[in-house]
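Source file: structure-v2.pdb (PDB, C-alpha atoms)
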```pdb
ATOM      1  CA  MET U   1       0.000   0.000   0.000
ATOM      2  CA  ASN U   2       2.983   2.223   0.313
ATOM      3  CA  GLU U   3       2.920   4.322  -2.852
ATOM      4  CA  GLN U   4       6.519   3.500  -3.524
ATOM      5  CA  ALA U   5       6.575  -0.037  -2.259
ATOM      6  CA  GLY U   6       3.080  -0.900  -3.305
ATOM      7  CA  THR U   7       2.544  -3.238  -0.406
ATOM      8  CA  THR U   8       0.490  -3.132   2.752
ATOM      9  CA  SER U   9       3.523  -3.495   4.930
ATOM     10  CA  GLY U  10       6.662  -1.518   5.445
ATOM     11  CA  ALA U  11       7.246   2.195   5.949
ATOM     12  CA  GLY U  12       4.532   4.103   7.671
ATOM     13  CA  MET U  13       3.257   1.306   9.824
ATOM     14  CA  ASP U  14       4.744   3.029  12.865
ATOM     15  CA  ASP U  15       1.924   5.488  12.618
ATOM     16  CA  ALA U  16      -0.507   2.711  13.395
ATOM     17  CA  ALA U  17      -0.094   3.220  17.095
ATOM     18  CA  SER U  18      -1.265   6.790  16.742
ATOM     19  CA  ILE U  19      -4.507   5.836  15.100
ATOM     20  CA  ALA U  20      -7.436   5.985  17.420
ATOM     21  CA  ASP U  21      -9.135   3.026  15.868
ATOM     22  CA  GLY U  22     -11.799   2.940  18.520
ATOM     23  CA  THR U  23     -12.503   6.645  18.368
ATOM     24  CA  PRO U  24     -16.056   7.042  19.630
ATOM     25  CA  LEU U  25     -18.101   8.231  16.717
ATOM     26  CA  GLY U  26     -21.611   9.523  17.234
ATOM     27  CA  ILE U  27     -24.282   8.987  14.622
ATOM     28  CA  THR U  28     -24.675  12.688  13.860
ATOM     29  CA  GLU U  29     -20.914  13.007  13.536
ATOM     30  CA  ALA U  30     -20.861   9.984  11.213
ATOM     31  CA  ALA U  31     -23.605  11.533   9.089
ATOM     32  CA  ALA U  32     -21.672  14.804   8.928
ATOM     33  CA  ILE U  33     -18.493  12.976   7.892
ATOM     34  CA  MET U  34     -20.370  11.122   5.153
ATOM     35  CA  ARG U  35     -21.856  14.349   3.838
ATOM     36  CA  GLU U  36     -18.598  16.291   3.954
ATOM     37  CA  ALA U  37     -16.411  13.488   2.530
ATOM     38  CA  GLY U  38     -18.940  12.775  -0.234
ATOM     39  CA  GLU U  39     -19.134  16.426  -1.289
ATOM     40  CA  LYS U  40     -15.361  16.808  -1.164
ATOM     41  CA  ALA U  41     -14.807  13.694  -3.280
ATOM     42  CA  ARG U  42     -17.483  14.579  -5.811
ATOM     43  CA  SER U  43     -16.289  18.157  -6.266
ATOM     44  CA  GLY U  44     -12.629  17.116  -6.325
ATOM     45  CA  LEU U  45     -13.026  14.250  -8.766
ATOM     46  CA  ARG U  46     -15.624  15.779 -11.050
ATOM     47  CA  VAL U  47     -14.406  17.314 -14.285
ATOM     48  CA  SER U  48     -15.554  20.901 -14.534
ATOM     49  CA  HIS U  49     -17.423  20.692 -17.831
ATOM     50  CA  ARG U  50     -18.490  24.248 -17.205
ATOM     51  CA  THR U  51     -14.923  25.512 -17.543
ATOM     52  CA  THR U  52     -14.237  23.316 -20.564
ATOM     53  CA  PHE U  53     -17.410  24.456 -22.344
ATOM     54  CA  THR U  54     -16.652  28.104 -21.556
ATOM     55  CA  ILE U  55     -13.123  27.790 -22.949
ATOM     56  CA  TRP U  56     -14.399  26.193 -26.159
ATOM     57  CA  GLY U  57     -17.287  28.634 -26.511
ATOM     58  CA  LEU U  58     -15.016  31.669 -26.197
ATOM     59  CA  GLY U  59     -12.382  30.025 -28.410
ATOM     60  CA  LEU U  60     -14.927  29.501 -31.185
ATOM     61  CA  LEU U  61     -16.583  32.888 -30.831
ATOM     62  CA  ILE U  62     -13.286  34.770 -30.885
ATOM     63  CA  GLY U  63     -11.381  32.496 -33.277
ATOM     64  CA  TYR U  64     -14.068  31.854 -35.864
ATOM     65  CA  GLY U  65     -15.369  35.404 -35.383
ATOM     66  CA  ALA U  66     -11.918  36.832 -36.145
ATOM     67  CA  ILE U  67     -11.659  34.804 -39.327
ATOM     68  CA  TRP U  68     -15.142  35.848 -40.391
ATOM     69  CA  LEU U  69     -14.172  39.493 -39.897
ATOM     70  CA  ALA U  70     -11.026  38.885 -41.965
ATOM     71  CA  VAL U  71     -12.738  37.197 -44.921
ATOM     72  CA  ARG U  72     -16.253  38.655 -45.060
ATOM     73  CA  GLY U  73     -15.453  41.317 -47.684
ATOM     74  CA  GLN U  74     -13.223  39.248 -49.937
ATOM     75  CA  ARG U  75     -14.061  39.383 -53.662
ATOM     76  CA  PRO U  76     -12.942  36.920 -54.887
ATOM     77  CA  PHE U  77     -12.606  34.746 -51.829
ATOM     78  CA  HIS U  78      -8.960  33.851 -51.203
ATOM     79  CA  GLY U  79      -9.204  32.504 -47.681
ATOM     80  CA  PRO U  80      -8.071  33.363 -44.191
ATOM     81  CA  ASP U  81      -4.431  32.433 -44.693
ATOM     82  CA  PRO U  82      -2.640  34.755 -42.193
ATOM     83  CA  ALA U  83      -5.459  34.807 -39.660
ATOM     84  CA  ALA U  84      -5.849  31.039 -39.829
ATOM     85  CA  PHE U  85      -2.569  30.579 -38.000
ATOM     86  CA  ALA U  86      -3.728  32.830 -35.177
ATOM     87  CA  VAL U  87      -7.014  30.956 -34.959
ATOM     88  CA  ALA U  88      -5.309  27.577 -35.061
ATOM     89  CA  ALA U  89      -3.089  28.761 -32.207
ATOM     90  CA  LEU U  90      -6.108  30.046 -30.280
ATOM     91  CA  LEU U  91      -8.057  26.802 -30.702
ATOM     92  CA  ALA U  92      -4.953  24.784 -29.809
ATOM     93  CA  THR U  93      -4.575  26.903 -26.671
ATOM     94  CA  ALA U  94      -8.253  26.340 -25.872
ATOM     95  CA  SER U  95      -7.882  22.593 -26.276
ATOM     96  CA  VAL U  96      -4.754  22.560 -24.073
ATOM     97  CA  MET U  97      -6.508  24.631 -21.396
ATOM     98  CA  ALA U  98      -9.536  22.334 -21.536
ATOM     99  CA  GLY U  99      -7.220  19.312 -21.352
ATOM    100  CA  ILE U 100      -5.399  20.708 -18.327
ATOM    101  CA  GLU U 101      -8.697  21.354 -16.578
ATOM    102  CA  ASP U 102      -9.842  17.778 -17.258
ATOM    103  CA  ALA U 103      -6.481  16.329 -16.224
ATOM    104  CA  ARG U 104      -6.525  18.249 -12.938
ATOM    105  CA  ALA U 105      -9.801  16.659 -11.865
ATOM    106  CA  GLU U 106      -9.024  13.231 -13.285
ATOM    107  CA  SER U 107      -5.484  12.997 -11.986
ATOM    108  CA  GLY U 108      -5.082   9.778 -10.059
ATOM    109  CA  VAL U 109      -8.339   8.297 -11.347
ATOM    110  CA  GLY U 110      -7.786   5.031 -13.201
ATOM    111  CA  GLY U 111      -9.895   2.187 -14.521
ATOM    112  CA  LEU U 112     -12.732   2.588 -17.009
ATOM    113  CA  SER U 113     -12.670   6.392 -16.966
ATOM    114  CA  ALA U 114      -8.983   6.434 -17.895
ATOM    115  CA  LEU U 115      -9.677   4.037 -20.756
ATOM    116  CA  ARG U 116     -12.524   6.262 -21.986
ATOM    117  CA  ARG U 117     -10.234   9.319 -21.868
ATOM    118  CA  ARG U 118      -7.630   7.581 -24.015
ATOM    119  CA  VAL U 119     -10.248   6.437 -26.534
ATOM    120  CA  ALA U 120     -11.741   9.960 -26.667
ATOM    121  CA  PHE U 121      -8.321  11.542 -27.203
ATOM    122  CA  ALA U 122      -7.482   9.041 -29.937
ATOM    123  CA  SER U 123     -10.817   9.627 -31.683
ATOM    124  CA  VAL U 124     -10.265  13.409 -31.777
ATOM    125  CA  VAL U 125      -6.724  13.008 -33.118
ATOM    126  CA  ILE U 126      -7.871  10.517 -35.752
ATOM    127  CA  GLY U 127     -10.847  12.722 -36.670
ATOM    128  CA  LEU U 128      -8.658  15.795 -37.132
ATOM    129  CA  ALA U 129      -6.021  13.830 -39.051
ATOM    130  CA  GLY U 130      -8.748  12.493 -41.333
ATOM    131  CA  MET U 131     -10.091  16.012 -41.797
ATOM    132  CA  PHE U 132      -6.698  17.311 -42.975
ATOM    133  CA  ALA U 133      -6.294  14.289 -45.252
ATOM    134  CA  VAL U 134      -9.664  15.000 -46.906
ATOM    135  CA  GLU U 135      -8.692  18.667 -47.287
ATOM    136  CA  GLY U 136      -5.488  17.562 -48.988
ATOM    137  CA  ALA U 137      -7.492  15.325 -51.286
ATOM    138  CA  LEU U 138      -9.816  18.209 -52.178
ATOM    139  CA  VAL U 139      -6.856  20.445 -53.031
ATOM    140  CA  HIS U 140      -5.290  17.601 -54.988
ATOM    141  CA  ALA U 141      -8.532  17.146 -56.933
ATOM    142  CA  GLY U 142      -8.454  20.795 -57.906
ATOM    143  CA  ALA U 143     -11.083  22.200 -55.555
ATOM    144  CA  GLY U 144     -11.161  25.980 -55.572
ATOM    145  CA  ARG U 145     -10.398  28.214 -52.599
ATOM    146  CA  PRO U 146     -14.096  28.805 -51.800
ATOM    147  CA  VAL U 147     -14.715  25.051 -51.507
ATOM    148  CA  ILE U 148     -11.667  24.656 -49.275
ATOM    149  CA  GLY U 149     -12.882  27.642 -47.238
ATOM    150  CA  VAL U 150     -16.254  26.005 -46.570
ATOM    151  CA  PHE U 151     -14.512  22.768 -45.641
ATOM    152  CA  GLU U 152     -12.042  24.468 -43.281
ATOM    153  CA  ALA U 153     -14.861  26.209 -41.422
ATOM    154  CA  SER U 154     -17.266  23.275 -41.234
ATOM    155  CA  ALA U 155     -15.113  20.157 -40.833
ATOM    156  CA  PRO U 156     -13.719  20.874 -37.309
ATOM    157  CA  ILE U 157     -17.260  21.601 -36.076
ATOM    158  CA  PHE U 158     -18.454  18.382 -37.705
ATOM    159  CA  VAL U 159     -15.650  16.358 -36.065
ATOM    160  CA  ALA U 160     -16.444  17.944 -32.679
ATOM    161  CA  GLY U 161     -20.140  17.121 -33.122
ATOM    162  CA  LEU U 162     -19.424  13.483 -33.940
ATOM    163  CA  PHE U 163     -17.072  13.306 -30.947
ATOM    164  CA  TYR U 164     -19.786  14.475 -28.542
ATOM    165  CA  LEU U 165     -22.374  12.156 -30.096
ATOM    166  CA  THR U 166     -20.016   9.202 -29.694
ATOM    167  CA  ARG U 167     -19.127  10.195 -26.142
ATOM    168  CA  SER U 168     -22.775  10.411 -25.158
ATOM    169  CA  MET U 169     -23.258   6.832 -26.375
ATOM    170  CA  THR U 170     -20.532   5.422 -24.120
ATOM    171  CA  ARG U 171     -21.755   7.426 -21.133
ATOM    172  CA  PRO U 172     -25.437   8.422 -21.558
ATOM    173  CA  ASP U 173     -25.661  12.188 -21.371
ATOM    174  CA  TRP U 174     -28.560  13.871 -23.168
ATOM    175  CA  ALA U 175     -27.109  17.384 -22.885
ATOM    176  CA  VAL U 176     -23.838  16.317 -24.517
ATOM    177  CA  ALA U 177     -25.760  14.334 -27.154
ATOM    178  CA  GLY U 178     -27.799  17.468 -27.890
ATOM    179  CA  LEU U 179     -24.620  19.526 -28.238
ATOM    180  CA  GLY U 180     -23.161  16.921 -30.606
ATOM    181  CA  LEU U 181     -26.283  16.852 -32.756
ATOM    182  CA  TRP U 182     -26.420  20.659 -32.818
ATOM    183  CA  LEU U 183     -22.772  20.923 -33.912
ATOM    184  CA  VAL U 184     -23.322  18.445 -36.756
ATOM    185  CA  ILE U 185     -26.350  20.478 -37.900
ATOM    186  CA  VAL U 186     -24.397  23.746 -37.629
ATOM    187  CA  ALA U 187     -21.518  22.294 -39.642
ATOM    188  CA  ALA U 188     -23.859  20.999 -42.330
ATOM    189  CA  VAL U 189     -26.083  24.071 -42.590
ATOM    190  CA  GLY U 190     -23.359  26.664 -41.950
ATOM    191  CA  GLY U 191     -21.555  25.601 -45.084
ATOM    192  CA  PHE U 192     -24.432  26.959 -47.166
ATOM    193  CA  ALA U 193     -23.581  30.454 -45.925
ATOM    194  CA  GLY U 194     -20.563  30.315 -48.219
ATOM    195  CA  PRO U 195     -16.831  30.302 -47.564
ATOM    196  CA  ALA U 196     -16.938  33.603 -45.671
ATOM    197  CA  GLY U 197     -20.357  33.366 -44.051
ATOM    198  CA  ALA U 198     -19.702  29.839 -42.737
ATOM    199  CA  TRP U 199     -17.146  31.222 -40.283
ATOM    200  CA  GLY U 200     -19.634  33.725 -38.910
ATOM    201  CA  VAL U 201     -22.501  31.220 -38.672
ATOM    202  CA  ASP U 202     -20.263  28.635 -36.985
ATOM    203  CA  ALA U 203     -18.792  31.215 -34.587
ATOM    204  CA  LEU U 204     -22.219  32.239 -33.363
ATOM    205  CA  ALA U 205     -24.143  28.954 -33.549
ATOM    206  CA  ALA U 206     -21.385  26.704 -32.195
ATOM    207  CA  GLY U 207     -19.756  29.205 -29.826
ATOM    208  CA  LEU U 208     -23.042  30.177 -28.196
ATOM    209  CA  ALA U 209     -24.072  26.514 -27.933
ATOM    210  CA  TYR U 210     -20.919  25.802 -25.934
ATOM    211  CA  LEU U 211     -21.560  28.815 -23.701
ATOM    212  CA  LEU U 212     -25.161  27.668 -23.177
ATOM    213  CA  MET U 213     -23.828  24.275 -22.143
ATOM    214  CA  ALA U 214     -21.520  26.014 -19.666
ATOM    215  CA  VAL U 215     -24.522  27.810 -18.164
ATOM    216  CA  ILE U 216     -26.779  24.757 -17.862
ATOM    217  CA  ASP U 217     -24.051  22.246 -16.923
ATOM    218  CA  PRO U 218     -24.360  22.573 -13.124
ATOM    219  CA  TRP U 219     -28.129  22.134 -13.401
ATOM    220  CA  VAL U 220     -27.752  19.145 -15.751
ATOM    221  CA  ARG U 221     -25.267  17.455 -13.383
ATOM    222  CA  ARG U 222     -27.608  17.909 -10.410
ATOM    223  CA  SER U 223     -30.692  16.486 -12.121
TER
ATOM    224  CA  MET I   1     -21.610  -5.190  14.138
ATOM    225  CA  ASN I   2     -21.546  -2.941  17.171
ATOM    226  CA  GLU I   3     -24.515  -2.499  19.493
ATOM    227  CA  ASP I   4     -26.089   0.040  17.122
ATOM    228  CA  GLY I   5     -25.880  -2.343  14.211
ATOM    229  CA  LEU I   6     -23.244  -0.185  12.530
ATOM    230  CA  ASP I   7     -20.372  -2.020  10.851
ATOM    231  CA  PRO I   8     -17.341  -1.427  13.128
ATOM    232  CA  VAL I   9     -14.938  -1.782  10.199
ATOM    233  CA  ILE I  10     -16.495   1.302   8.603
ATOM    234  CA  HIS I  11     -17.605   3.154  11.732
ATOM    235  CA  THR I  12     -14.435   5.178  12.356
ATOM    236  CA  PRO I  13     -13.840   8.680  10.970
ATOM    237  CA  ALA I  14     -10.914   7.762   8.717
ATOM    238  CA  ARG I  15     -12.352   4.571   7.240
ATOM    239  CA  LEU I  16     -15.740   6.177   6.754
ATOM    240  CA  ARG I  17     -14.054   8.958   4.761
ATOM    241  CA  ILE I  18     -12.131   6.425   2.690
ATOM    242  CA  MET I  19     -15.239   4.383   1.895
ATOM    243  CA  VAL I  20     -17.341   7.426   1.005
ATOM    244  CA  SER I  21     -14.578   8.909  -1.162
ATOM    245  CA  LEU I  22     -14.093   5.677  -3.098
ATOM    246  CA  ALA I  23     -17.862   5.296  -3.493
ATOM    247  CA  ALA I  24     -17.933   8.667  -5.297
ATOM    248  CA  LEU I  25     -16.004   7.129  -8.195
ATOM    249  CA  PRO I  26     -17.922   5.789 -11.187
ATOM    250  CA  ASP I  27     -18.231   1.997 -11.415
ATOM    251  CA  GLY I  28     -15.021   0.367 -12.609
ATOM    252  CA  ASP I  29     -12.747   3.247 -11.588
ATOM    253  CA  ASP I  30      -9.963   3.291  -9.043
ATOM    254  CA  LEU I  31      -8.018   6.017  -7.278
ATOM    255  CA  SER I  32      -4.284   6.369  -6.805
ATOM    256  CA  PHE I  33      -2.943   6.172  -3.278
ATOM    257  CA  THR I  34      -1.611   9.734  -3.417
ATOM    258  CA  ARG I  35      -4.872  11.202  -4.719
ATOM    259  CA  LEU I  36      -6.826   9.345  -2.029
ATOM    260  CA  GLN I  37      -4.386  10.664   0.558
ATOM    261  CA  ASP I  38      -4.973  14.222  -0.728
ATOM    262  CA  LEU I  39      -8.725  13.768  -0.463
ATOM    263  CA  ILE I  40      -8.719  12.214   3.002
ATOM    264  CA  GLY I  41      -5.888  14.232   4.520
ATOM    265  CA  LEU I  42      -4.221  11.338   6.361
ATOM    266  CA  THR I  43      -0.511  10.598   6.657
ATOM    267  CA  PRO I  44       0.649   7.746   4.408
ATOM    268  CA  GLY I  45       1.146   5.488   7.422
ATOM    269  CA  ASN I  46      -2.341   6.063   8.785
ATOM    270  CA  LEU I  47      -3.897   5.592   5.367
ATOM    271  CA  ILE I  48      -2.010   2.332   4.851
ATOM    272  CA  THR I  49      -3.200   0.994   8.189
ATOM    273  CA  HIS I  50      -6.841   1.864   7.557
ATOM    274  CA  LEU I  51      -6.710   0.512   4.013
ATOM    275  CA  ARG I  52      -5.272  -2.709   5.333
ATOM    276  CA  LYS I  53      -8.240  -3.157   7.674
ATOM    277  CA  LEU I  54     -10.676  -2.447   4.866
ATOM    278  CA  GLU I  55      -8.791  -4.800   2.568
ATOM    279  CA  ASP I  56      -8.865  -7.554   5.198
ATOM    280  CA  ALA I  57     -12.645  -7.142   5.387
ATOM    281  CA  GLY I  58     -12.845  -7.407   1.589
ATOM    282  CA  TYR I  59     -14.204  -3.879   1.246
ATOM    283  CA  VAL I  60     -11.408  -2.460  -0.911
ATOM    284  CA  THR I  61      -8.799  -3.823  -3.264
ATOM    285  CA  THR I  62      -5.381  -2.415  -3.916
ATOM    286  CA  SER I  63      -3.248  -3.034  -6.949
ATOM    287  CA  ARG I  64       0.144  -1.901  -8.042
ATOM    288  CA  ASN I  65       0.994  -1.048 -11.619
ATOM    289  CA  GLY I  66       4.425  -0.335 -13.009
ATOM    290  CA  THR I  67       7.798  -0.565 -11.383
ATOM    291  CA  GLY I  68      10.330   1.787  -9.838
ATOM    292  CA  VAL I  69       9.565   5.487  -9.864
ATOM    293  CA  THR I  70       6.603   4.992 -12.203
ATOM    294  CA  ALA I  71       4.926   2.562  -9.795
ATOM    295  CA  ARG I  72       1.345   3.494  -8.999
ATOM    296  CA  THR I  73      -0.733   1.945  -6.262
ATOM    297  CA  SER I  74      -4.439   2.223  -6.845
ATOM    298  CA  VAL I  75      -7.357   1.584  -4.541
ATOM    299  CA  ALA I  76     -10.903   0.645  -5.464
ATOM    300  CA  LEU I  77     -14.100  -0.196  -3.616
ATOM    301  CA  THR I  78     -15.228  -3.798  -4.085
ATOM    302  CA  HIS I  79     -18.851  -4.865  -4.598
ATOM    303  CA  THR I  80     -18.748  -6.220  -1.049
ATOM    304  CA  GLY I  81     -17.528  -2.836   0.152
ATOM    305  CA  GLN I  82     -20.217  -1.022  -1.814
ATOM    306  CA  ALA I  83     -22.881  -3.258  -0.287
ATOM    307  CA  ALA I  84     -21.402  -2.789   3.208
ATOM    308  CA  LEU I  85     -21.455   0.995   2.792
ATOM    309  CA  GLU I  86     -25.067   0.864   1.612
ATOM    310  CA  ARG I  87     -25.997  -1.219   4.668
ATOM    311  CA  TYR I  88     -24.086   1.171   6.910
ATOM    312  CA  THR I  89     -25.876   4.170   5.364
ATOM    313  CA  ALA I  90     -29.281   2.535   5.788
ATOM    314  CA  VAL I  91     -28.621   1.667   9.442
ATOM    315  CA  LEU I  92     -27.267   5.146  10.130
ATOM    316  CA  ARG I  93     -30.353   6.703   8.548
ATOM    317  CA  GLN I  94     -32.620   4.530  10.722
ATOM    318  CA  LEU I  95     -30.694   5.520  13.832
ATOM    319  CA  LEU I  96     -30.906   9.197  12.929
ATOM    320  CA  ASP I  97     -34.628   8.864  12.234
ATOM    321  CA  SER I  98     -35.293   7.108  15.496
ATOM    322  CA  ALA I  99     -33.243   9.728  17.319
ATOM    323  CA  GLY I 100     -35.336  12.407  15.620
ATOM    324  CA  GLN I 101     -32.316  14.029  14.023
ATOM    325  CA  GLY I 102     -32.667  12.846  10.432
TER
END
```
Please rewrite the model in this file as structure tokens.
Amino acid sequence: MNEQAGTTSGAGMDDAASIADGTPLGITEAAAIMREAGEKARSGLRVSHRTTFTIWGLGLLIGYGAIWLAVRGQRPFHGPDPAAFAVAALLATASVMAGIEDARAESGVGGLSALRRRVAFASVVIGLAGMFAVEGALVHAGAGRPVIGVFEASAPIFVAGLFYLTRSMTRPDWAVAGLGLWLVIVAAVGGFAGPAGAWGVDALAAGLAYLLMAVIDPWVRRS
Amino acid sequence: MNEDGLDPVIHTPARLRIMVSLAALPDGDDLSFTRLQDLIGLTPGNLITHLRKLEDAGYVTTSRNGTGVTARTSVALTHTGQAALERYTAVLRQLLDSAGQG
């Protein structure tokens, strides 16, 4: 049981004598301990989805919004090349911040949850890699800049939507399933706003959806 | 069981905290020794001793993964432990009700 030794004997057993094993414990005190320990464990071990959703919502609103502002007047459309790097950096920062927040709460938790985290991470990486591969194929096939622009705006939202839908299947969560479905719809419909408009539609529709999730998350977790 | 019907293995402040903390995990999850220690606020020696008693009763399991500095000891509530905690909670609730404090 020693963290280093991994056994139930050895260092630390000297403390045993100091343990008041027969400490009288009243029933009200026991109830208070149960309440306090339960709340502490739940709040300490629970991932703050609220923070994660807020980070993503702001990341999308600011990132996609900035690109929309950069490309909305382009005639002909030639894409958000310089701004795209800034947005990619912003979204990467958002994902790192969200990851750190998740890791903080889930640090030390193993078993099925750890396996689910690894599968979720792998699915996002594979989804994004596939997205870039398809974009490469479109360019290779001679797709014009407007087509690539629609794809660049919509595909990440589509991948995120599929990720949430899949996650809600492994761990039933209607709010997350709703977010996933909404993101898929936004990605599909937003593309019809054109290569410039898609960024604006996605920024608002997806960004605000994340922020709404951040607002309702505590209520959803309680119910 | 003690005279109140409360399981004496659980009915101490430290072990009650350990059981309740582990019960907060989703099914199939475990908790590292160090994280459990952070949550409970016991010294390593005290935590080891209490875990040993719970392990002897079949209420928790411990396992060690890895070797050397990467070694990680994890603790999980067993089904027996979960059932014991549920029984303990039910008895405690009855006692509180009968005492008019629930």
Around range 85-91 of chain I, fit a box with edges along x, y and z, padding it by 4 Å on each side, then list its centre and edge lengths in Å to one decimal as lines of an AutoDock Vina configuration file.
```
center_x = -25.4
center_y = 1.5
center_z = 5.5
size_x = 15.8
size_y = 13.4
size_z = 15.8
```
> Expanded to explicit residues, what is the PyMOL selection byres ((chain I and resi 82-98) around 9) for this file, as a list in words?
Replying inline: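 This file gives the following for the PyMOL selection byres ((chain I and resi 82-98) around 9): Ile27, Thr28, Ala30, Ala31 and Met34 of chain U; Asp4, Gly5, Leu6, Asp7, Ile10, His11, Leu16, Met19, Val20, Ala23, Tyr59, Val60, Leu77, Thr78, His79, Thr80, Gly81, Ala99, Gly100, Gln101 and Gly102 of chain I.
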> Contacts of range 210-218 of chain U at 9 Å or less, counting only C-alpha atoms, minus same-chain residues fewer than 6 places along, as an MDAnalysis selection string?
Replying inline: chainID U and resid 48:58 60 175:176 179
> Which value, in Å to one decimal, gives the distance between CA of Ala89 in chain U and CA of Leu45 in chain U?
Replying inline: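 Atom-to-atom, CA of Ala89 in chain U and CA of Leu45 in chain U are spaced 29.3 Å apart.
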Neighbour list for Leu31 in chain I as a PDB file with C-alpha atoms, in the frame of the given file, cut-off 8 Å, all atoms listed in the file, skip fewer than 6 positions in-chain:
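The result, stored in result-v6.pdb:
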```
ATOM      1  CA  GLY U 108      -5.082   9.778 -10.059  1.00  0.00           C
ATOM      2  CA  VAL U 109      -8.339   8.297 -11.347  1.00  0.00           C
ATOM      3  CA  GLY U 110      -7.786   5.031 -13.201  1.00  0.00           C
TER       4      GLY U 110
ATOM      5  CA  LEU I  22     -14.093   5.677  -3.098  1.00  0.00           C
ATOM      6  CA  SER I  74      -4.439   2.223  -6.845  1.00  0.00           C
ATOM      7  CA  VAL I  75      -7.357   1.584  -4.541  1.00  0.00           C
ATOM      8  CA  ALA I  76     -10.903   0.645  -5.464  1.00  0.00           C
TER       9      ALA I  76
END
```
> What residues come out when you apply the PyMOL selection byres ((chain U and resi 132-149) around 12) to this file, written as an MDAnalysis selection string?
Replying inline: chainID U and resid 67:68 71:72 74:81 84 125:131 150:156 159 190:199
